[in-house]
$ cat data_19.cif   # mmCIF, C-alpha atoms
data_coords
loop_
_atom_site.label_atom_id
_atom_site.label_comp_id
_atom_site.auth_asym_id
_atom_site.auth_seq_id
_atom_site.Cartn_x
_atom_site.Cartn_y
_atom_site.Cartn_z
CA GLY A 1 -122.73 -136.24 -9.29
CA GLU A 2 -119.53 -135.02 -7.73
CA ASN A 3 -119.36 -134.38 -4.00
CA VAL A 4 -116.45 -132.59 -2.34
CA GLU A 5 -115.83 -132.78 1.40
CA GLN A 6 -113.49 -130.30 3.06
CA HIS A 7 -111.91 -130.33 6.54
CA PRO A 8 -111.49 -128.62 8.88
CA SER A 9 -114.18 -125.96 8.75
CA THR A 10 -112.08 -123.62 10.89
CA LEU A 11 -108.34 -123.51 11.49
CA SER A 12 -106.43 -121.20 13.78
CA VAL A 13 -102.63 -121.02 13.66
CA GLN A 14 -99.89 -118.79 14.93
CA GLU A 15 -97.96 -116.69 12.46
CA GLY A 16 -95.12 -118.70 11.01
CA ASP A 17 -96.81 -122.05 11.53
CA SER A 18 -98.00 -124.29 8.72
CA ALA A 19 -101.64 -124.84 7.81
CA VAL A 20 -103.08 -127.89 6.09
CA ILE A 21 -106.57 -128.20 4.61
CA LYS A 22 -107.83 -131.49 3.23
CA CYS A 23 -110.47 -132.38 0.68
CA THR A 24 -111.92 -135.58 -0.68
CA TYR A 25 -113.91 -136.05 -3.85
CA SER A 26 -116.24 -138.77 -4.99
CA ASP A 27 -116.16 -138.83 -8.80
CA SER A 28 -113.11 -140.60 -10.20
CA ALA A 29 -113.70 -138.76 -13.50
CA SER A 30 -112.72 -135.46 -11.89
CA ASN A 31 -109.30 -134.37 -13.07
CA TYR A 32 -108.91 -130.73 -12.11
CA PHE A 33 -108.57 -129.54 -8.50
CA PRO A 34 -108.20 -125.82 -7.81
CA TRP A 35 -107.97 -124.01 -4.51
CA TYR A 36 -109.51 -120.60 -3.99
CA LYS A 37 -109.05 -117.89 -1.39
CA GLN A 38 -112.06 -115.74 -0.67
CA GLU A 39 -111.99 -112.54 1.32
CA LEU A 40 -115.13 -111.04 2.78
CA GLY A 41 -117.46 -109.61 0.15
CA LYS A 42 -115.29 -110.64 -2.79
CA GLY A 43 -115.28 -113.36 -5.39
CA PRO A 44 -112.94 -116.33 -5.01
CA GLN A 45 -109.37 -115.99 -6.23
CA LEU A 46 -107.44 -118.93 -7.58
CA ILE A 47 -104.29 -119.55 -5.54
CA ILE A 48 -103.11 -122.89 -6.91
CA ASP A 49 -104.47 -125.79 -8.91
CA ILE A 50 -103.44 -129.32 -9.80
CA ARG A 51 -104.42 -131.77 -12.48
CA SER A 52 -104.77 -135.49 -12.12
CA ASN A 53 -101.57 -136.28 -13.98
CA VAL A 54 -99.51 -134.57 -11.28
CA GLY A 55 -99.02 -135.61 -7.65
CA GLU A 56 -97.74 -132.37 -6.21
CA LYS A 57 -97.39 -128.73 -7.16
CA LYS A 58 -95.71 -125.91 -5.30
CA ASP A 59 -95.77 -122.14 -5.60
CA GLN A 60 -93.62 -120.37 -3.03
CA ARG A 61 -95.33 -120.90 0.37
CA ILE A 62 -98.28 -122.81 -1.08
CA ALA A 63 -98.35 -126.43 -2.17
CA VAL A 64 -101.04 -128.88 -3.19
CA THR A 65 -100.82 -132.66 -3.15
CA LEU A 66 -103.12 -135.10 -4.90
CA ASN A 67 -103.73 -138.77 -4.21
CA LYS A 68 -105.88 -140.08 -7.06
CA THR A 69 -106.21 -143.54 -5.62
CA ALA A 70 -107.61 -142.29 -2.35
CA LYS A 71 -109.42 -139.42 -4.09
CA HIS A 72 -108.12 -136.73 -1.81
CA PHE A 73 -106.07 -133.58 -2.19
CA SER A 74 -104.60 -131.16 0.30
CA LEU A 75 -103.49 -127.55 0.52
CA HIS A 76 -100.36 -126.75 2.49
CA ILE A 77 -99.45 -123.21 3.47
CA THR A 78 -96.07 -122.74 5.13
CA GLU A 79 -94.80 -119.75 7.11
CA THR A 80 -98.31 -118.40 7.50
CA GLN A 81 -98.85 -114.66 7.73
CA PRO A 82 -101.82 -112.65 9.05
CA GLU A 83 -102.75 -111.73 5.48
CA ASP A 84 -103.32 -115.42 4.78
CA SER A 85 -106.42 -115.17 6.98
CA ALA A 86 -109.44 -115.82 4.74
CA VAL A 87 -111.85 -118.55 3.70
CA TYR A 88 -110.30 -121.24 1.53
CA PHE A 89 -112.31 -123.45 -0.81
CA CYS A 90 -111.26 -126.57 -2.62
CA ALA A 91 -113.08 -127.58 -5.78
CA ALA A 92 -113.17 -130.37 -8.32
CA SER A 93 -114.23 -130.62 -11.91
CA MET A 94 -113.80 -132.80 -14.98
CA GLY A 95 -111.90 -130.01 -16.70
CA GLY A 96 -112.61 -128.82 -20.21
CA GLY A 97 -114.79 -125.96 -19.05
CA THR A 98 -117.06 -128.04 -16.84
CA ALA A 99 -118.52 -126.65 -13.64
CA LEU A 100 -116.57 -126.57 -10.40
CA ILE A 101 -118.03 -128.30 -7.38
CA PHE A 102 -116.88 -126.66 -4.18
CA GLY A 103 -116.13 -127.91 -0.72
CA LYS A 104 -117.78 -126.13 2.21
CA GLY A 105 -114.79 -123.96 2.94
CA THR A 106 -112.22 -123.52 5.71
CA THR A 107 -111.91 -120.30 7.67
CA LEU A 108 -108.21 -119.82 8.35
CA SER A 109 -107.18 -117.39 11.07
CA VAL A 110 -103.51 -116.52 11.46
CA SER A 111 -102.70 -114.66 14.64
CA SER A 112 -99.53 -112.65 15.11
CA GLY B 1 -104.69 -113.46 -15.80
CA ALA B 2 -108.01 -113.09 -17.55
CA VAL B 3 -110.52 -110.62 -16.12
CA VAL B 4 -114.20 -111.15 -15.43
CA SER B 5 -116.20 -108.10 -14.49
CA GLN B 6 -119.49 -108.44 -12.64
CA HIS B 7 -121.93 -105.58 -12.19
CA PRO B 8 -123.39 -104.30 -9.97
CA SER B 9 -121.29 -105.20 -6.94
CA TRP B 10 -124.27 -104.67 -4.69
CA VAL B 11 -127.96 -103.94 -5.15
CA ILE B 12 -130.95 -103.40 -2.89
CA CYS B 13 -134.39 -103.92 -4.35
CA LYS B 14 -137.96 -104.08 -3.19
CA SER B 15 -139.78 -107.37 -2.92
CA GLY B 16 -141.55 -108.22 -6.17
CA THR B 17 -139.19 -106.35 -8.48
CA SER B 18 -136.61 -107.82 -10.86
CA VAL B 19 -132.86 -107.36 -10.78
CA LYS B 20 -130.36 -107.96 -13.58
CA ILE B 21 -126.75 -108.89 -12.91
CA GLU B 22 -124.16 -108.72 -15.68
CA CYS B 23 -121.04 -110.82 -16.08
CA ARG B 24 -118.49 -109.79 -18.70
CA SER B 25 -115.25 -111.38 -19.80
CA LEU B 26 -113.03 -108.41 -20.59
CA ASP B 27 -110.08 -109.93 -22.41
CA PHE B 28 -111.17 -113.34 -23.60
CA GLN B 29 -114.14 -115.04 -25.19
CA ALA B 30 -116.15 -116.99 -22.67
CA THR B 31 -117.81 -119.94 -24.33
CA THR B 32 -119.19 -121.10 -21.01
CA MET B 33 -120.24 -119.13 -17.96
CA PHE B 34 -121.44 -120.43 -14.64
CA TRP B 35 -123.63 -118.76 -12.04
CA TYR B 36 -123.22 -119.54 -8.36
CA ARG B 37 -125.07 -118.44 -5.25
CA GLN B 38 -123.45 -118.14 -1.87
CA PHE B 39 -125.34 -117.64 1.38
CA PRO B 40 -123.51 -116.19 4.41
CA LYS B 41 -120.80 -118.48 5.77
CA GLN B 42 -121.63 -121.13 3.20
CA SER B 43 -120.02 -122.48 0.07
CA LEU B 44 -120.65 -121.57 -3.55
CA MET B 45 -123.57 -123.53 -4.94
CA LEU B 46 -123.84 -123.94 -8.69
CA MET B 47 -127.10 -122.55 -10.05
CA ALA B 48 -126.74 -122.91 -13.80
CA THR B 49 -124.39 -123.38 -16.72
CA SER B 50 -124.66 -120.97 -19.60
CA ASN B 51 -123.28 -121.60 -23.09
CA GLU B 52 -123.19 -118.85 -25.66
CA GLY B 53 -126.15 -118.98 -27.98
CA SER B 54 -128.01 -121.76 -26.22
CA LYS B 55 -130.35 -122.18 -23.30
CA ALA B 56 -128.89 -122.40 -19.85
CA THR B 57 -128.78 -125.67 -17.95
CA TYR B 58 -130.11 -125.31 -14.42
CA GLU B 59 -129.16 -127.37 -11.40
CA GLN B 60 -131.82 -129.32 -9.59
CA GLY B 61 -133.90 -127.11 -7.34
CA VAL B 62 -133.12 -123.87 -9.18
CA GLU B 63 -136.23 -122.33 -10.77
CA LYS B 64 -135.44 -121.44 -14.36
CA ASP B 65 -138.42 -119.09 -14.60
CA LYS B 66 -137.23 -117.16 -11.59
CA PHE B 67 -133.55 -116.98 -12.47
CA LEU B 68 -133.39 -116.01 -16.14
CA ILE B 69 -130.00 -116.45 -17.76
CA ASN B 70 -129.01 -115.01 -21.10
CA HIS B 71 -125.66 -115.59 -22.80
CA ALA B 72 -126.15 -113.73 -26.04
CA SER B 73 -122.50 -113.03 -26.80
CA LEU B 74 -119.11 -114.55 -26.08
CA THR B 75 -118.33 -111.81 -23.57
CA LEU B 76 -121.59 -111.27 -21.73
CA SER B 77 -123.96 -113.33 -19.64
CA THR B 78 -126.78 -111.91 -17.55
CA LEU B 79 -128.73 -113.28 -14.62
CA THR B 80 -132.13 -111.75 -13.94
CA VAL B 81 -133.77 -112.48 -10.62
CA THR B 82 -137.48 -112.05 -11.32
CA SER B 83 -140.06 -111.18 -8.70
CA ALA B 84 -137.38 -111.13 -6.03
CA HIS B 85 -138.22 -112.04 -2.45
CA PRO B 86 -136.21 -111.64 0.75
CA GLU B 87 -135.14 -115.30 0.60
CA ASP B 88 -133.38 -114.51 -2.70
CA SER B 89 -131.00 -112.22 -0.82
CA SER B 90 -127.57 -113.71 -1.36
CA PHE B 91 -124.15 -113.25 -2.95
CA TYR B 92 -124.28 -114.15 -6.64
CA ILE B 93 -121.03 -114.95 -8.42
CA CYS B 94 -120.30 -115.73 -12.04
CA SER B 95 -117.34 -117.53 -13.51
CA ALA B 96 -116.19 -117.82 -17.09
CA HIS B 97 -114.23 -120.30 -19.14
CA GLY B 98 -112.62 -119.63 -22.49
CA THR B 99 -111.87 -122.23 -25.10
CA LEU B 100 -108.15 -121.68 -24.70
CA LEU B 101 -108.20 -121.27 -20.94
CA THR B 102 -107.95 -124.18 -18.59
CA GLU B 103 -109.04 -122.42 -15.42
CA ALA B 104 -112.18 -120.60 -14.37
CA PHE B 105 -112.10 -116.89 -13.71
CA PHE B 106 -114.54 -115.42 -11.23
CA GLY B 107 -116.31 -112.11 -11.09
CA GLN B 108 -116.24 -109.96 -7.99
CA GLY B 109 -119.73 -111.07 -6.99
CA THR B 110 -123.01 -109.20 -6.50
CA ARG B 111 -124.56 -108.76 -3.08
CA LEU B 112 -128.34 -108.78 -3.56
CA THR B 113 -130.55 -107.60 -0.71
CA VAL B 114 -134.31 -107.81 -1.16
CA VAL B 115 -136.35 -105.73 1.28
#
$ encode --input "data_19.cif" --output "structure tokens"
Amino acid sequence: GENVEQHPSTLSVQEGDSAVIKCTYSDSASNYFPWYKQELGKGPQLIIDIRSNVGEKKDQRIAVTLNKTAKHFSLHITETQPEDSAVYFCAASMGGGTALIFGKGTTLSVSS
Amino acid sequence: GAVVSQHPSWVICKSGTSVKIECRSLDFQATTMFWYRQFPKQSLMLMATSNEGSKATYEQGVEKDKFLINHASLTLSTLTVTSAHPEDSSFYICSAHGTLLTEAFFGQGTRLTVV
């Protein structure tokens, strides 16, 4: 089955810096790659997603890139703010309502 | 976006009792719902896939007789933790997919503490 690896497990940056989180997946059939932000005691919230027919997607300060050949995708957050501090999860699925397989998560801390 | 409501948000129960967690899609029909479990500082682990009107499919290592899943309607799935023990204490999260929706929507999660 699918396996998703996520790095780093923790990331500390200064406010205004950029943060990059990387994930790799194992199943070439996966075609949907969302990123979630989870705050303490809450369910995950979708922040951006990308499908396998696209190489890059951007939404204001957040961008995701996908390299299908290498089977890896990355989350880029620019101009980080303290409120960006949270746990971020990448996930992969084969789309069409199939289950998401999650990476282990990255705890991002943005200090002011 | 679509809304998934999970209830209760937290529950404390005595060892040996059963607890039911509800997951409702409020503004769309959820043909498929997924149940995840998350231990502290860990990732979300898929427990089971639930399709409306059929039996749930459980992941390897998840006891189907202990974690009863019912998906009787297109807007409601329930997870019942039977004969709960302290090791079942965890954060349980549901997600729902609709036939016309391409992304998964997550509930707020349920913090279960078994004492």
$ residues_near_point --input "data_19.cif" --point "(-126.3, -103.4, -9.8)" --cutoff "10 Å" --atoms "all atoms listed in the file" --output "count of residues only"
15
$ residues_around --input "data_19.cif" --residues "A:Ile62" --least-positions-apart "5" --cutoff "7 Å" --atoms "only C-alpha atoms" --output "number ranges by chain"
A: 76-78
$ write_last_selection --input "data_19.cif" --atoms "C-alpha atoms" --output "PDB file, in the coordinates of the input"
ATOM      1  CA  HIS A  76    -100.360-126.750   2.490  1.00  0.00           C
ATOM      2  CA  ILE A  77     -99.450-123.210   3.470  1.00  0.00           C
ATOM      3  CA  THR A  78     -96.070-122.740   5.130  1.00  0.00           C
TER       4      THR A  78
END
$ interface_residues --input "data_19.cif" --of "chain A" --to "chain B" --cutoff "7 Å" --atoms "all atoms listed in the file" --output "PyMOL selection string"
chain A and resi 42-44+96-97+99+102-105
$ resolve_selection --input "data_19.cif" --expression "the PyMOL selection byres ((chain A and resi 6) around 6)" --output "PyMOL selection string"
chain A and resi 5+7+22-23+103
$ resolve_selection --input "data_19.cif" --expression "the PyMOL selection byres ((chain A and resi 48) around 9)" --output "list in words"
Phe33, Pro34, Trp35, Tyr36, Leu46, Ile47, Asp49, Ile50, Lys57, Lys58, Asp59, Ile62, Ala63, Val64 and Leu75 of chain A
